[in-house]
Amino acid sequence: MAATLTAAAQGDAVQNRPYTDLRPFHFGVVVGTHMQDMEFNNIGPQMIMNADGTQAEKIITCDQDRWDTGFNVGVLGELRISNHLAFRVAPTMYFGNRHLTFYNMTDKLENGEPIRQTQDMKSVYIGVPLNLIFAAPRLDNARPYIMVGADPMVNLSGGDDDYVKLKRYDFCLEVGLGCDIYLPFFKLRPELKFCYSLINSLDTQHPDHLRDENMIMYAKSVNEARSKMIVLSFYFE
């Protein structure tokens, strides 16, 4: 009896914006925050040329030693395909920073710890996420969904004098979940998604253009880099 009364009460709730999902196409804005990381493939031992012409073996590793936070802002356009399926395009700018640490495992300090070098890599991307959204039936003023898509990106950052430099373009796969919340004057959509780069985004030609020879062994310590992001967004539609 209690379950029946609860179900009846839910069905009698006043629905905000009952026809909003019937629009064939609509626009909105998005703001949010994200955490980003970078996976590096370290090459291991490498041979370098000393100033006196001799060669020496060096072992240097590189790691982004923490998840760094940033923020994102963009616009969206969404096309209704069916009652439960939609296609969304959401051009977005991502602003952030990556803190990289290089460990020289061959050359040690007096206390035995490896020599460390660091790089603060500014991160500014323009992404154009292309998403398919699979939504459950609406329950009063909420409607959960899952999404999957691809996100081609353009990298607007990178310095010629950095240890590591990324390519101009990247391409990510993204999956996530969210919930439409129907308010009296607009629809709010909080969404959490995970993005992973499908290509090697490291500029492997960059070490050949460094003017400081002491930086080259650090720049050449990795041969592959892949971006990861956890993105929390709020869509206003």
# chains A, B, ... in the order shown; residues from 1 in each chain; ligands from 1
$ closest_atom_pairs --of "segment 133-226 of chain A" --to "segment 93-110 of chain A" --cutoff "9 Å" --atoms "only C-alpha atoms" --output "tab-separated table"
residue	atom	partner	partner_atom	distance
A:Val164	CA	A:Leu100	CA	8.9
A:Tyr218	CA	A:Phe102	CA	7.0
A:Ser221	CA	A:Phe102	CA	8.7
$ write_last_selection --atoms "all heavy atoms" --output "PDB file, in the first residue's frame"
ATOM      1  N   VAL A 164      59.114  19.609 -22.555  1.00  0.00           N
ATOM      2  CA  VAL A 164      58.134  18.824 -23.297  1.00  0.00           C
ATOM      3  C   VAL A 164      57.174  19.776 -23.993  1.00  0.00           C
ATOM      4  O   VAL A 164      56.696  20.744 -23.396  1.00  0.00           O
ATOM      5  CB  VAL A 164      57.362  17.869 -22.363  1.00  0.00           C
ATOM      6  CG1 VAL A 164      56.165  17.253 -23.075  1.00  0.00           C
ATOM      7  CG2 VAL A 164      58.280  16.765 -21.849  1.00  0.00           C
ATOM      8  N   TYR A 218      66.498  15.528 -21.088  1.00  0.00           N
ATOM      9  CA  TYR A 218      65.201  15.487 -20.412  1.00  0.00           C
ATOM     10  C   TYR A 218      64.066  15.445 -21.438  1.00  0.00           C
ATOM     11  O   TYR A 218      63.088  14.711 -21.265  1.00  0.00           O
ATOM     12  CB  TYR A 218      65.044  16.700 -19.493  1.00  0.00           C
ATOM     13  CG  TYR A 218      65.997  16.690 -18.321  1.00  0.00           C
ATOM     14  CD1 TYR A 218      67.206  17.383 -18.371  1.00  0.00           C
ATOM     15  CD2 TYR A 218      65.695  15.989 -17.163  1.00  0.00           C
ATOM     16  CE1 TYR A 218      68.086  17.376 -17.301  1.00  0.00           C
ATOM     17  CE2 TYR A 218      66.569  15.971 -16.085  1.00  0.00           C
ATOM     18  CZ  TYR A 218      67.767  16.672 -16.163  1.00  0.00           C
ATOM     19  OH  TYR A 218      68.639  16.648 -15.100  1.00  0.00           O
ATOM     20  N   SER A 221      63.558  12.013 -22.924  1.00  0.00           N
ATOM     21  CA  SER A 221      63.332  10.900 -21.990  1.00  0.00           C
ATOM     22  C   SER A 221      61.993  10.206 -22.222  1.00  0.00           C
ATOM     23  O   SER A 221      61.758   9.118 -21.701  1.00  0.00           O
ATOM     24  CB  SER A 221      63.419  11.399 -20.544  1.00  0.00           C
ATOM     25  OG  SER A 221      62.387  12.337 -20.269  1.00  0.00           O
TER      26      SER A 221
END
$ closest_atom_pairs --of "segment 86-153 of chain A" --to "segment 195-211 of chain A" --cutoff "10 Å" --atoms "only C-alpha atoms" --output "Markdown table"
| residue | atom | partner | partner_atom | distance |
| --- | --- | --- | --- | --- |
| A:Val148 | CA | A:Cys195 | CA | 10.0 |
| A:Gly149 | CA | A:Cys195 | CA | 9.4 |
| A:Ala150 | CA | A:Cys195 | CA | 8.7 |
| A:Asp151 | CA | A:Cys195 | CA | 8.3 |
| A:Pro152 | CA | A:Ser197 | CA | 9.5 |
| A:Met153 | CA | A:Ser197 | CA | 9.9 |
$ select_by_dssp --residues "segment 70-228 of chain A" --states "helix (DSSP H, G or I)" --output "PDB file with N, CA and C atoms, in the first residue's frame"
ATOM      1  N   HIS A 206      60.368  18.186 -31.162  1.00  0.00           N
ATOM      2  CA  HIS A 206      60.712  19.358 -30.355  1.00  0.00           C
ATOM      3  C   HIS A 206      62.134  19.318 -29.788  1.00  0.00           C
ATOM      4  N   PRO A 207      62.643  18.185 -29.261  1.00  0.00           N
ATOM      5  CA  PRO A 207      64.011  18.195 -28.692  1.00  0.00           C
ATOM      6  C   PRO A 207      65.087  18.606 -29.697  1.00  0.00           C
ATOM      7  N   ASP A 208      64.861  18.378 -30.981  1.00  0.00           N
ATOM      8  CA  ASP A 208      65.863  18.729 -31.991  1.00  0.00           C
ATOM      9  C   ASP A 208      65.989  20.232 -32.184  1.00  0.00           C
ATOM     10  N   HIS A 209      65.034  20.994 -31.659  1.00  0.00           N
ATOM     11  CA  HIS A 209      65.064  22.448 -31.836  1.00  0.00           C
ATOM     12  C   HIS A 209      65.446  23.196 -30.555  1.00  0.00           C
ATOM     13  N   GLU A 213      71.591  22.585 -24.661  1.00  0.00           N
ATOM     14  CA  GLU A 213      71.914  21.167 -24.798  1.00  0.00           C
ATOM     15  C   GLU A 213      71.649  20.378 -23.522  1.00  0.00           C
ATOM     16  N   ASN A 214      71.673  21.038 -22.373  1.00  0.00           N
ATOM     17  CA  ASN A 214      71.409  20.346 -21.114  1.00  0.00           C
ATOM     18  C   ASN A 214      69.946  19.911 -20.979  1.00  0.00           C
ATOM     19  N   MET A 215      69.069  20.523 -21.769  1.00  0.00           N
ATOM     20  CA  MET A 215      67.655  20.180 -21.709  1.00  0.00           C
ATOM     21  C   MET A 215      67.315  18.979 -22.588  1.00  0.00           C
ATOM     22  N   ILE A 216      68.175  18.674 -23.550  1.00  0.00           N
ATOM     23  CA  ILE A 216      67.814  17.681 -24.561  1.00  0.00           C
ATOM     24  C   ILE A 216      67.593  16.296 -23.955  1.00  0.00           C
ATOM     25  N   MET A 217      68.450  15.889 -23.010  1.00  0.00           N
ATOM     26  CA  MET A 217      68.298  14.556 -22.447  1.00  0.00           C
ATOM     27  C   MET A 217      66.989  14.421 -21.671  1.00  0.00           C
ATOM     28  N   TYR A 218      66.498  15.528 -21.088  1.00  0.00           N
ATOM     29  CA  TYR A 218      65.201  15.487 -20.412  1.00  0.00           C
ATOM     30  C   TYR A 218      64.066  15.445 -21.438  1.00  0.00           C
ATOM     31  N   ALA A 219      64.209  16.243 -22.491  1.00  0.00           N
ATOM     32  CA  ALA A 219      63.168  16.284 -23.522  1.00  0.00           C
ATOM     33  C   ALA A 219      63.034  14.950 -24.242  1.00  0.00           C
TER      34      ALA A 219
END
$ residues_around --residues "Lys193 of chain A" --least-positions-apart "5" --cutoff "6 Å" --atoms "only C-alpha atoms" --output "ChimeraX atom specification"
/A:175-176,230-231
$ write_last_selection --atoms "C-alpha atoms" --output "PDB file, in the first residue's frame"
ATOM      1  CA  VAL A 175      32.153   8.631 -21.898  1.00  0.00           C
ATOM      2  CA  GLY A 176      30.029   9.922 -19.079  1.00  0.00           C
ATOM      3  CA  ILE A 230      37.805  14.105 -15.670  1.00  0.00           C
ATOM      4  CA  VAL A 231      35.295  16.847 -16.496  1.00  0.00           C
TER       5      VAL A 231
END
$ select_by_dssp --residues "segment 27-235 of chain A" --states "strand (DSSP E)" --output "number ranges by chain"
A: 27-42, 45-49, 55-64, 68-80, 85-89, 92-108, 114-127, 130-135, 142-155, 169-182, 187-197, 222-235
$ residues_around --residues "Lys187 of chain A" --least-positions-apart "2" --cutoff "12 Å" --atoms "only C-alpha atoms" --output "PyMOL selection string"
chain A and resi 15-21+26-30+141-143+179-185+189-190+234-237
$ write_last_selection --atoms "C-alpha atoms" --output "compact mmCIF listing (two decimals), in the first residue's frame"
# COMPACT_ATOMS: atom_id res chain seq x y z
CA GLN A 15 6.27 18.82 -14.34
CA ASN A 16 8.34 21.89 -15.15
CA ARG A 17 8.78 22.65 -18.87
CA PRO A 18 6.91 19.51 -20.01
CA TYR A 19 7.49 20.10 -23.74
CA THR A 20 11.15 21.14 -23.67
CA ASP A 21 12.41 17.75 -24.88
CA HIS A 26 18.03 23.88 -29.11
CA PHE A 27 21.02 25.83 -27.81
CA GLY A 28 22.62 26.37 -24.42
CA VAL A 29 25.77 27.26 -22.51
CA VAL A 30 28.12 25.16 -20.40
CA ASN A 141 11.52 16.67 -13.03
CA ALA A 142 14.59 14.48 -13.53
CA ARG A 143 15.90 12.38 -16.40
CA CYS A 179 20.93 14.00 -15.30
CA ASP A 180 18.48 16.53 -16.73
CA ILE A 181 16.92 18.59 -13.95
CA TYR A 182 13.83 20.50 -15.10
CA LEU A 183 13.50 23.86 -13.37
CA PRO A 184 10.68 26.37 -13.92
CA PHE A 185 12.64 28.60 -16.32
CA ARG A 189 22.17 19.32 -16.74
CA PRO A 190 25.08 18.33 -14.44
CA PHE A 234 26.88 22.19 -15.89
CA TYR A 235 24.74 22.73 -18.98
CA PHE A 236 22.07 25.44 -18.98
CA GLU A 237 19.48 24.84 -21.68
$ closest_residue --among "A:Glu224, A:Gly32, A:Gly158, A:Pro45" --to "Thr92 of chain A" --atoms "only C-alpha atoms"
A:Gly32
